[in-house]
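Student: Below you'll find input-v9.txt; it's compact mmCIF, C-alpha atoms and all ligand atoms.
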# COMPACT_ATOMS: atom_id res chain seq x y z
CA MET A 1 2.06 -62.48 28.50
CA ILE A 2 -1.29 -63.19 26.87
CA LEU A 3 -2.51 -61.11 23.93
CA VAL A 4 -6.30 -61.27 23.69
CA LEU A 5 -7.31 -60.73 20.08
CA LYS A 6 -10.05 -58.57 18.64
CA GLU A 7 -13.07 -60.57 17.58
CA GLY A 8 -13.59 -61.17 13.89
CA MET A 9 -9.93 -61.14 12.80
CA ASP A 10 -8.93 -63.31 9.87
CA LEU A 11 -6.00 -65.72 9.92
CA GLU A 12 -3.74 -63.28 8.08
CA ALA A 13 -4.12 -60.81 10.91
CA VAL A 14 -3.36 -63.60 13.38
CA HIS A 15 -0.18 -64.37 11.44
CA ARG A 16 0.83 -60.71 11.65
CA VAL A 17 0.48 -60.76 15.46
CA GLU A 18 2.54 -63.96 15.62
CA ALA A 19 5.22 -62.39 13.40
CA ALA A 20 5.37 -59.37 15.69
CA ILE A 21 5.92 -61.68 18.67
CA ARG A 22 8.76 -63.45 16.83
CA ARG A 23 10.32 -60.12 15.82
CA ALA A 24 10.34 -59.20 19.52
CA GLY A 25 12.32 -62.37 20.21
CA GLY A 26 9.41 -64.34 21.68
CA GLU A 27 7.60 -67.53 20.76
CA PRO A 28 3.85 -67.35 20.02
CA ARG A 29 1.44 -70.06 21.12
CA ARG A 30 -2.21 -70.00 20.10
CA LEU A 31 -4.71 -70.31 22.94
CA PHE A 32 -7.69 -70.49 20.65
CA GLY A 33 -11.07 -71.49 21.99
CA GLY A 34 -13.53 -72.91 19.54
CA GLY A 35 -14.20 -70.45 16.79
CA ALA A 36 -10.90 -69.81 15.12
CA ALA A 37 -10.26 -73.15 13.46
CA GLY A 38 -12.27 -72.19 10.39
CA GLY A 39 -10.30 -68.99 9.84
CA GLY A 40 -11.83 -66.26 11.94
CA VAL A 41 -11.12 -65.29 15.53
CA SER A 42 -13.91 -65.75 18.05
CA GLY A 43 -14.35 -63.78 21.26
CA ARG A 44 -11.68 -64.55 23.88
CA ASP A 45 -9.19 -66.10 21.46
CA ALA A 46 -5.68 -65.25 22.51
CA ILE A 47 -2.01 -65.79 21.73
CA GLU A 48 0.52 -66.35 24.46
CA ALA A 49 3.92 -64.70 23.94
CA ARG A 50 6.68 -66.65 25.62
CA GLY A 51 9.94 -64.81 26.17
CA GLY A 52 11.28 -61.91 24.16
CA ASP A 53 10.73 -58.21 24.68
CA THR A 54 6.98 -57.97 25.09
CA ARG A 55 6.75 -54.25 25.89
CA GLU A 56 5.43 -53.11 22.49
CA LEU A 57 3.11 -56.02 21.76
CA GLY A 58 0.02 -54.36 23.24
CA SER A 59 -0.08 -51.90 20.34
CA VAL A 60 0.17 -54.48 17.53
CA PRO A 61 -2.94 -54.19 15.29
CA GLY A 62 -5.52 -56.84 16.15
CA VAL A 63 -4.60 -57.06 19.82
CA ALA A 64 -7.58 -56.07 21.99
CA PHE A 65 -5.71 -56.09 25.30
CA VAL A 66 -2.82 -57.68 27.10
CA LEU A 67 -2.81 -59.81 30.24
CA GLU A 68 0.48 -59.99 32.08
CA ALA A 69 1.10 -63.21 33.97
CA LYS A 70 3.36 -66.22 33.83
CA GLU A 71 0.43 -68.46 34.70
CA PRO A 72 -2.42 -69.43 32.38
CA TYR A 73 -4.92 -67.70 34.70
CA PRO A 74 -3.83 -64.05 34.46
CA ARG A 75 -6.91 -62.50 36.03
CA VAL A 76 -6.75 -64.45 39.26
CA ALA A 77 -2.96 -64.85 39.46
CA ARG A 78 -1.08 -63.37 42.38
CA ARG A 79 0.21 -59.90 41.66
CA GLU A 80 1.38 -56.82 43.50
CA GLY A 81 -1.16 -55.61 46.00
CA GLY A 82 -1.57 -58.93 47.78
CA THR A 83 -4.83 -60.72 48.43
CA ARG A 84 -7.97 -59.20 46.95
CA GLU A 85 -10.57 -58.31 49.58
CA VAL A 86 -13.99 -59.64 48.66
CA SER A 87 -16.86 -57.89 50.36
CA VAL A 88 -19.98 -59.87 51.22
CA ARG A 89 -22.58 -57.35 52.36
CA GLY A 90 -19.85 -55.38 54.13
CA THR A 91 -17.94 -58.35 55.58
CA LYS A 92 -14.52 -58.43 53.96
CA ILE A 93 -12.94 -61.81 53.16
CA GLY A 94 -9.21 -61.64 52.45
CA GLY A 95 -8.25 -58.95 54.95
CA ARG A 96 -6.75 -59.30 58.42
CA GLU A 97 -9.91 -60.83 59.88
CA VAL A 98 -10.59 -64.53 59.60
CA VAL A 99 -14.24 -64.74 58.53
CA LEU A 100 -16.49 -67.43 59.91
CA ILE A 101 -19.38 -68.69 57.79
CA ALA A 102 -21.71 -71.21 59.42
CA GLY A 103 -25.16 -72.71 59.26
CA PRO A 104 -26.91 -75.93 58.38
CA CYS A 105 -26.12 -78.11 55.41
CA ALA A 106 -29.69 -77.65 54.17
CA VAL A 107 -32.50 -75.29 55.09
CA GLU A 108 -35.21 -77.54 56.56
CA SER A 109 -37.63 -75.22 58.35
CA VAL A 110 -37.72 -71.73 59.83
CA GLU A 111 -37.20 -73.14 63.36
CA GLN A 112 -34.23 -75.27 62.34
CA LEU A 113 -32.67 -72.43 60.34
CA GLU A 114 -33.16 -69.86 63.07
CA ALA A 115 -31.62 -72.12 65.75
CA SER A 116 -28.66 -72.90 63.45
CA ALA A 117 -28.20 -69.23 62.62
CA ARG A 118 -28.23 -68.20 66.28
CA ALA A 119 -25.56 -70.79 67.07
CA ALA A 120 -23.54 -69.60 64.06
CA ARG A 121 -23.83 -65.98 65.11
CA ASP A 122 -23.01 -66.77 68.75
CA GLY A 123 -19.89 -68.54 67.48
CA GLY A 124 -18.87 -65.35 65.69
CA ALA A 125 -20.18 -66.06 62.18
CA ARG A 126 -21.18 -63.01 60.14
CA ILE A 127 -22.35 -65.01 57.15
CA LEU A 128 -25.08 -67.65 57.25
CA ARG A 129 -24.75 -70.71 55.02
CA GLY A 130 -27.53 -73.13 54.13
CA GLY A 131 -28.55 -75.04 51.06
CA ALA A 132 -31.90 -74.33 49.42
CA PHE A 133 -30.99 -76.30 46.30
CA LYS A 134 -29.03 -79.38 47.35
CA PRO A 135 -26.78 -81.37 44.98
CA ARG A 136 -27.40 -84.74 46.64
CA THR A 137 -25.59 -87.87 45.57
CA SER A 138 -28.86 -89.84 45.48
CA PRO A 139 -31.95 -88.54 43.65
CA TYR A 140 -34.03 -90.00 46.51
CA SER A 141 -32.33 -87.86 49.20
CA PHE A 142 -33.76 -84.53 50.40
CA GLN A 143 -33.17 -82.04 47.57
CA GLY A 144 -33.82 -78.84 49.55
CA LEU A 145 -36.75 -76.46 49.87
CA GLY A 146 -35.86 -74.51 46.71
CA GLU A 147 -37.17 -70.96 46.52
CA GLU A 148 -38.90 -71.29 49.90
CA GLY A 149 -35.48 -72.03 51.38
CA LEU A 150 -34.03 -68.89 49.81
CA VAL A 151 -36.79 -66.78 51.36
CA LEU A 152 -36.17 -68.36 54.77
CA LEU A 153 -32.43 -67.70 54.51
CA ARG A 154 -33.05 -64.04 53.70
CA THR A 155 -35.63 -63.60 56.46
CA VAL A 156 -33.58 -65.24 59.21
CA ALA A 157 -30.32 -63.57 58.15
CA ASP A 158 -31.98 -60.14 58.11
CA ARG A 159 -33.43 -60.76 61.54
CA LEU A 160 -29.97 -61.61 62.94
CA GLY A 161 -28.00 -59.07 60.91
CA MET A 162 -26.13 -61.70 58.88
CA ALA A 163 -25.29 -62.10 55.20
CA VAL A 164 -26.32 -65.19 53.19
CA VAL A 165 -24.31 -67.60 51.04
CA THR A 166 -26.11 -70.43 49.29
CA GLU A 167 -25.45 -72.79 46.41
CA VAL A 168 -26.70 -72.32 42.88
CA LEU A 169 -26.89 -75.53 40.90
CA ASP A 170 -27.67 -74.39 37.39
CA THR A 171 -27.61 -71.42 35.07
CA GLN A 172 -31.39 -70.94 35.08
CA ALA A 173 -31.44 -70.41 38.86
CA VAL A 174 -28.64 -67.81 39.03
CA ALA A 175 -30.90 -64.75 38.86
CA LEU A 176 -33.30 -66.17 41.45
CA VAL A 177 -30.55 -67.09 43.91
CA ALA A 178 -28.83 -63.72 43.40
CA GLU A 179 -32.11 -61.99 44.26
CA HIS A 180 -32.11 -63.52 47.76
CA ALA A 181 -28.47 -64.27 48.60
CA ASP A 182 -25.44 -62.02 49.14
CA MET A 183 -22.96 -64.57 47.79
CA LEU A 184 -23.42 -67.42 45.31
CA GLN A 185 -21.80 -70.78 46.00
CA VAL A 186 -20.67 -72.97 43.13
CA GLY A 187 -20.28 -76.43 44.62
CA SER A 188 -17.67 -79.10 44.19
CA ARG A 189 -19.78 -81.04 41.69
CA ASN A 190 -20.13 -77.95 39.50
CA MET A 191 -16.60 -76.58 39.65
CA GLN A 192 -16.04 -77.37 35.98
CA ASN A 193 -19.53 -76.46 34.78
CA THR A 194 -18.27 -73.76 32.47
CA ALA A 195 -21.74 -72.48 31.56
CA LEU A 196 -22.50 -71.96 35.25
CA LEU A 197 -19.08 -70.35 35.84
CA ARG A 198 -19.70 -67.88 33.03
CA THR A 199 -23.22 -67.12 34.24
CA VAL A 200 -22.16 -66.35 37.83
CA GLY A 201 -19.36 -64.31 36.26
CA ARG A 202 -21.87 -62.12 34.48
CA GLN A 203 -23.76 -61.11 37.64
CA SER A 204 -22.52 -58.91 40.45
CA ARG A 205 -22.79 -61.03 43.63
CA PRO A 206 -19.51 -62.41 44.96
CA VAL A 207 -18.89 -66.09 44.22
CA LEU A 208 -17.74 -68.86 46.58
CA LEU A 209 -16.03 -71.41 44.35
CA LYS A 210 -15.53 -74.78 46.00
CA ARG A 211 -12.80 -77.13 44.85
CA GLY A 212 -13.89 -79.98 42.63
CA MET A 213 -13.45 -83.26 44.47
CA SER A 214 -10.67 -84.37 42.12
CA ALA A 215 -9.52 -81.00 40.82
CA THR A 216 -5.89 -79.93 40.75
CA LEU A 217 -5.07 -76.44 41.99
CA GLU A 218 -4.49 -75.36 38.39
CA GLU A 219 -7.88 -76.68 37.22
CA TRP A 220 -9.50 -74.90 40.16
CA LEU A 221 -7.76 -71.61 39.36
CA LEU A 222 -8.75 -71.93 35.70
CA ALA A 223 -12.36 -72.41 36.83
CA ALA A 224 -12.01 -69.17 38.81
CA GLU A 225 -10.52 -67.57 35.69
CA TYR A 226 -13.76 -68.37 33.82
CA VAL A 227 -15.72 -66.40 36.42
CA ALA A 228 -13.24 -63.52 36.37
CA ASP A 229 -13.07 -63.45 32.58
CA ALA A 230 -16.86 -63.20 32.41
CA GLY A 231 -16.64 -60.00 34.46
CA ASN A 232 -16.73 -60.89 38.14
CA GLU A 233 -13.45 -60.90 40.07
CA ASN A 234 -15.10 -61.12 43.49
CA ILE A 235 -14.31 -64.78 43.99
CA VAL A 236 -13.42 -66.68 47.15
CA LEU A 237 -11.90 -70.15 46.82
CA CYS A 238 -12.99 -72.87 49.25
CA GLU A 239 -10.92 -75.98 49.94
CA ARG A 240 -13.35 -78.79 50.82
CA GLY A 241 -11.29 -81.93 50.56
CA VAL A 242 -10.45 -84.26 47.70
CA ARG A 243 -11.18 -87.91 47.07
CA SER A 244 -8.70 -90.30 48.59
CA PHE A 245 -8.23 -94.06 48.94
CA ASP A 246 -9.09 -94.05 52.63
CA PRO A 247 -12.73 -94.41 53.74
CA ALA A 248 -11.80 -93.33 57.30
CA ALA A 249 -12.77 -89.79 56.30
CA ARG A 250 -15.34 -88.58 53.78
CA ASN A 251 -12.61 -86.64 51.95
CA LEU A 252 -8.96 -85.79 52.43
CA LEU A 253 -8.81 -82.15 53.52
CA ASP A 254 -5.90 -80.65 51.62
CA LEU A 255 -4.65 -77.90 53.91
CA SER A 256 -1.49 -77.55 51.85
CA ALA A 257 -3.77 -75.93 49.27
CA VAL A 258 -3.93 -72.84 51.50
CA PRO A 259 -0.24 -71.82 51.33
CA LEU A 260 0.14 -73.19 47.78
CA LEU A 261 -2.77 -71.09 46.55
CA ARG A 262 -1.51 -68.07 48.45
CA ALA A 263 1.61 -68.17 46.31
CA ARG A 264 -0.34 -68.49 43.06
CA THR A 265 -3.50 -66.43 43.37
CA ARG A 266 -4.68 -63.12 44.72
CA LEU A 267 -8.07 -64.60 45.59
CA PRO A 268 -8.92 -65.24 49.26
CA VAL A 269 -9.00 -68.88 50.35
CA ILE A 270 -11.31 -70.36 52.96
CA VAL A 271 -11.61 -73.92 54.23
CA ASP A 272 -14.62 -76.20 54.78
CA PRO A 273 -13.59 -78.75 57.42
CA SER A 274 -17.15 -80.18 57.55
CA HIS A 275 -17.20 -81.59 54.02
CA GLY A 276 -13.40 -81.79 54.10
CA VAL A 277 -13.36 -84.49 56.74
CA GLY A 278 -17.00 -85.46 57.28
CA VAL A 279 -16.38 -86.62 60.82
CA ARG A 280 -17.76 -84.38 63.57
CA SER A 281 -14.94 -84.92 66.07
CA ALA A 282 -12.33 -83.84 63.50
CA ILE A 283 -14.00 -80.60 62.45
CA VAL A 284 -12.77 -78.32 65.22
CA PRO A 285 -9.11 -79.47 65.09
CA MET A 286 -9.03 -79.14 61.29
CA ALA A 287 -10.75 -75.74 61.44
CA LEU A 288 -8.03 -74.52 63.80
CA ALA A 289 -5.32 -76.05 61.61
CA ALA A 290 -6.80 -74.24 58.60
CA VAL A 291 -6.59 -70.89 60.39
CA ALA A 292 -3.01 -71.67 61.43
CA ALA A 293 -2.21 -72.50 57.79
CA GLY A 294 -3.35 -69.02 56.78
CA ALA A 295 -6.95 -69.50 55.65
CA ASP A 296 -8.95 -66.30 55.24
CA GLY A 297 -12.04 -67.92 56.66
CA LEU A 298 -13.95 -71.08 57.50
CA ILE A 299 -17.29 -72.47 56.40
CA VAL A 300 -18.76 -74.90 58.92
CA GLU A 301 -22.02 -76.83 59.20
CA CYS A 302 -24.03 -76.62 62.40
CA HIS A 303 -27.49 -77.88 63.35
CA PRO A 304 -29.64 -77.60 66.50
CA ASP A 305 -30.12 -81.39 66.50
CA PRO A 306 -27.49 -83.01 64.26
CA GLY A 307 -28.97 -86.49 64.72
CA ALA A 308 -32.24 -85.34 63.15
CA ALA A 309 -30.71 -83.39 60.22
CA LYS A 310 -32.05 -84.12 56.74
CA SER A 311 -28.53 -84.01 55.31
CA ASP A 312 -24.96 -84.25 56.60
CA GLY A 313 -25.95 -84.45 60.28
CA PHE A 314 -22.86 -86.61 60.97
CA GLN A 315 -20.66 -83.61 60.18
CA ALA A 316 -22.71 -80.83 61.80
CA LEU A 317 -21.61 -79.15 65.01
CA ALA A 318 -24.19 -78.88 67.78
CA PRO A 319 -24.85 -75.29 68.97
CA ARG A 320 -22.57 -75.65 71.99
CA GLU A 321 -19.71 -76.92 69.81
CA MET A 322 -20.30 -74.10 67.33
CA VAL A 323 -19.94 -71.45 70.02
CA ALA A 324 -16.82 -73.15 71.41
CA LEU A 325 -15.28 -73.22 67.93
CA GLY A 326 -15.64 -69.44 67.68
CA ALA A 327 -13.64 -68.91 70.87
CA GLN A 328 -10.86 -71.27 69.76
CA VAL A 329 -10.64 -69.72 66.31
CA ARG A 330 -10.12 -66.34 67.95
CA SER A 331 -7.05 -67.53 69.86
CA VAL A 332 -5.45 -69.34 66.89
CA ALA A 333 -6.12 -66.34 64.64
CA ALA A 334 -4.39 -64.07 67.16
CA ALA A 335 -1.42 -66.46 67.32
CA VAL A 336 -0.86 -66.10 63.55
CA GLY A 337 -1.34 -62.35 63.46
CA ARG A 338 -4.97 -62.34 62.33
CA ALA A 339 -8.14 -61.20 64.03
C1 LIG V 401 -22.26 -77.63 50.56
O1 LIG V 401 -21.42 -76.82 50.99
O2 LIG V 401 -23.43 -77.60 50.88
C2 LIG V 401 -21.82 -78.69 49.62
C3 LIG V 401 -22.70 -79.45 48.99
O3 LIG V 401 -20.49 -78.79 49.53
P1 LIG V 401 -19.58 -79.44 48.36
O4 LIG V 401 -19.99 -78.80 47.09
O5 LIG V 401 -18.19 -79.05 48.81
O6 LIG V 401 -19.80 -80.92 48.40
MN MN V 402 -23.41 -80.54 53.56
Give the structure from the file, written as structure tokens.
Ligand code: PEP
Ligand code: MN

Tutor:
Amino acid sequence: MILVLKEGMDLEAVHRVEAAIRRAGGEPRRLFGGGAAGGGVSGRDAIEARGGDTRELGSVPGVAFVLEAKEPYPRVARREGGTREVSVRGTKIGGREVVLIAGPCAVESVEQLEASARAARDGGARILRGGAFKPRTSPYSFQGLGEEGLVLLRTVADRLGMAVVTEVLDTQAVALVAEHADMLQVGSRNMQNTALLRTVGRQSRPVLLKRGMSATLEEWLLAAEYVADAGNENIVLCERGVRSFDPAARNLLDLSAVPLLRARTRLPVIVDPSHGVGVRSAIVPMALAAVAAGADGLIVECHPDPGAAKSDGFQALAPREMVALGAQVRSVAAAVGRA
């Protein structure tokens, strides 16, 4: 159990809360952030009560509220009620339906985006992906069309009746991206950017939180906890592969994360086999494996002419492959009791 303290308490008051925990037979452990070292309690400082009879601790003076969970991420931990459904412009992620998200790695032009979006929609995708701000490994690679890309995403998605998810790279761009997109993506490289996590947590669009490329499940869930603690619990986790020793694949797609997360968190989990493997021929089999493993959705890259793509063409499905994927996902979903 975590007791979140009222802001502005002095250390004497903290000691009184700790004494109350000990009287109840528990052991207190301070989970203080930054501000309390000098004597006062800053916002979000908390004391964990381990063991004992914790029933009365919520009414101890100085305690603002109580979070019940064995894990250090109480807001996103699994609890009664099962998986939280996250609605993206009416499409629910985390329910019985496996949700398909697809589109190009980057928005390049209206023609390229529209052709990608049609393939995505024909494959059964309800949500269009596409980067307007691209976090490229090299500063000399295509960085995306920026705001123009956001406008194109909105225009094409509206035309085809789709929702939009796109990445936001920094805190200053959150309001702009939220103006155009239905869901904000925090990418692998930013999973532990706590300022960005807090900022997307303070706005109302749902958040797609990708796994950091070397993040443990606990670090990932704590990143989600930052978003939830800032006020936004509409979070979808996305497994996108982790770094491994083997250059045969771009990343090692960790499908065990799907059932392991299911046991730990109430947040929906989707899988990105495109970045997860980075090899076109492996995308469809791993997408199907992800659905069989219990994923709530998939996010897949597709492009009308993968060989000419400005980014990640080697891992983009051609339109024909995209449509075929949709049909195969339907049969695997049905086999595991999903739609
Ligand atoms: C992306 O989805 O466009 C992307 C850059 O993915 P990741 O953050 O997983 O590398
Ligand atoms: Mn990409």

Student: What is the atom CA of A:Glu80-atom CA of A:Leu67 distance in Å, reported with one decimal?

Tutor: 14.2 Å

Student: Which protein, DNA or RNA residues have an atom within 9 Å of ligand LIG 401 (chain V), counting all atoms listed in the file, as a PyMOL selection string?

Tutor: chain A and resi 104-106+129-131+133-136+166-167+185-191+209-213+238-241+272+274-276+299-301+312

Student: At a cut-off of 10 Å from (-22.9, -64.0, 66.6) in the coordinates of the file, what residues are picked up using only C-alpha atoms, written as a ChimeraX atom specification?

Tutor: /A:100,117-127,160-162,323,326

Student: Using only C-alpha atoms and all ligand atoms, can you tell me which of A:Cys302, A:Ala287, A:Val98, A:Ile47 comes closest to ligand MN 402 (chain V)?

Tutor: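 For ligand MN 402 (chain V), the nearest of the candidates is A:Cys302.
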
Student: May I have the residues at most 10 Å from (-14.4, -89.9, 52.6) in the file's coordinates, counting all atoms listed in the file, as a VMD selection string?

Tutor: chain A and resid 241 to 253 275 to 279

Student: Skipping near chain neighbours, those fewer than 6 positions away, what residues fall within 9 Å of A:Leu222 using only C-alpha atoms, listed as a PDB file with C-alpha atoms, in the frame of the given file?

Tutor:
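Output file part_12.pdb follows:
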ATOM      1  CA  PRO A  72      -2.420 -69.430  32.380  1.00  0.00           C
ATOM      2  CA  TYR A  73      -4.920 -67.700  34.700  1.00  0.00           C
ATOM      3  CA  VAL A  76      -6.750 -64.450  39.260  1.00  0.00           C
TER       4      VAL A  76
END

Student: Report the distance between atom CA of A:Gly52 and atom CA of A:Arg16 in Å, rounded to one decimal place.

Tutor: 16.3 Å

Student: Atom CA of A:Ala318 to atom CA of A:Gln112: how many Å, to one decimal?

Tutor: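 Distance between the two atoms: 12.0 Å.
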
Student: Would you mind telling me which residue in A:Glu7, A:Glu108, A:Glu71, A:Glu321 lies nearest to A:Ala263 when using all atoms listed in the file?

Tutor: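 For A:Ala263, the nearest of the given residues is A:Glu71.
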
Student: Nearest to A:Val207: which of A:Leu3, A:Val17, A:Val236, A:Leu298 is it, counting only C-alpha atoms?

Tutor: A:Val236

Student: Do a neighbour search on A:Val151 at 12 Å with all atoms listed in the file, toss out local chain neighbours closer than 5 positions, and write the hits as a PyMOL selection string.

Tutor: chain A and resi 107+109-110+113+130-132+145-146+156-158+164+166+176-181

Student: Dump C-alpha atoms for the selected residues as a PDB file, in the frame of the given file?

Tutor:
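Saved result, part_12.pdb, follows:
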ATOM      1  CA  VAL A 107     -32.500 -75.290  55.090  1.00  0.00           C
ATOM      2  CA  SER A 109     -37.630 -75.220  58.350  1.00  0.00           C
ATOM      3  CA  VAL A 110     -37.720 -71.730  59.830  1.00  0.00           C
ATOM      4  CA  LEU A 113     -32.670 -72.430  60.340  1.00  0.00           C
ATOM      5  CA  GLY A 130     -27.530 -73.130  54.130  1.00  0.00           C
ATOM      6  CA  GLY A 131     -28.550 -75.040  51.060  1.00  0.00           C
ATOM      7  CA  ALA A 132     -31.900 -74.330  49.420  1.00  0.00           C
ATOM      8  CA  LEU A 145     -36.750 -76.460  49.870  1.00  0.00           C
ATOM      9  CA  GLY A 146     -35.860 -74.510  46.710  1.00  0.00           C
ATOM     10  CA  VAL A 156     -33.580 -65.240  59.210  1.00  0.00           C
ATOM     11  CA  ALA A 157     -30.320 -63.570  58.150  1.00  0.00           C
ATOM     12  CA  ASP A 158     -31.980 -60.140  58.110  1.00  0.00           C
ATOM     13  CA  VAL A 164     -26.320 -65.190  53.190  1.00  0.00           C
ATOM     14  CA  THR A 166     -26.110 -70.430  49.290  1.00  0.00           C
ATOM     15  CA  LEU A 176     -33.300 -66.170  41.450  1.00  0.00           C
ATOM     16  CA  VAL A 177     -30.550 -67.090  43.910  1.00  0.00           C
ATOM     17  CA  ALA A 178     -28.830 -63.720  43.400  1.00  0.00           C
ATOM     18  CA  GLU A 179     -32.110 -61.990  44.260  1.00  0.00           C
ATOM     19  CA  HIS A 180     -32.110 -63.520  47.760  1.00  0.00           C
ATOM     20  CA  ALA A 181     -28.470 -64.270  48.600  1.00  0.00           C
TER      21      ALA A 181
END

Student: List as a list in words the protein and nucleic acid residues near A:Ser87, meaning an atom at most 10 Å away when all atoms listed in the file are counted, but skip any in the same chain fewer than 3 places from it.

Tutor: Arg84, Gly90, Thr91, Lys92, Ile93, Gly94, Gly95, Asp182, Met183, Arg205, Pro206, Asn234, Ile235 and Val236 of chain A

Student: List as a PyMOL selection string the protein and nucleic acid residues near stretch 329-334 of chain A, meaning an atom at most 9 Å away when only C-alpha atoms are counted, but skip any in the same chain fewer than 5 places from it.

Tutor: chain A and resi 97-98+100+284+287-289+291-292+294+324+339

Student: Please identify all polymer residues within 8 Å of A:Asp53, counting all atoms listed in the file, omitting same-chain residues fewer than 6 positions from it, and present them as a list in words.

Tutor: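 Near neighbours after the sequence-gap exclusion: Ala24, Gly25 and Gly26 of chain A.
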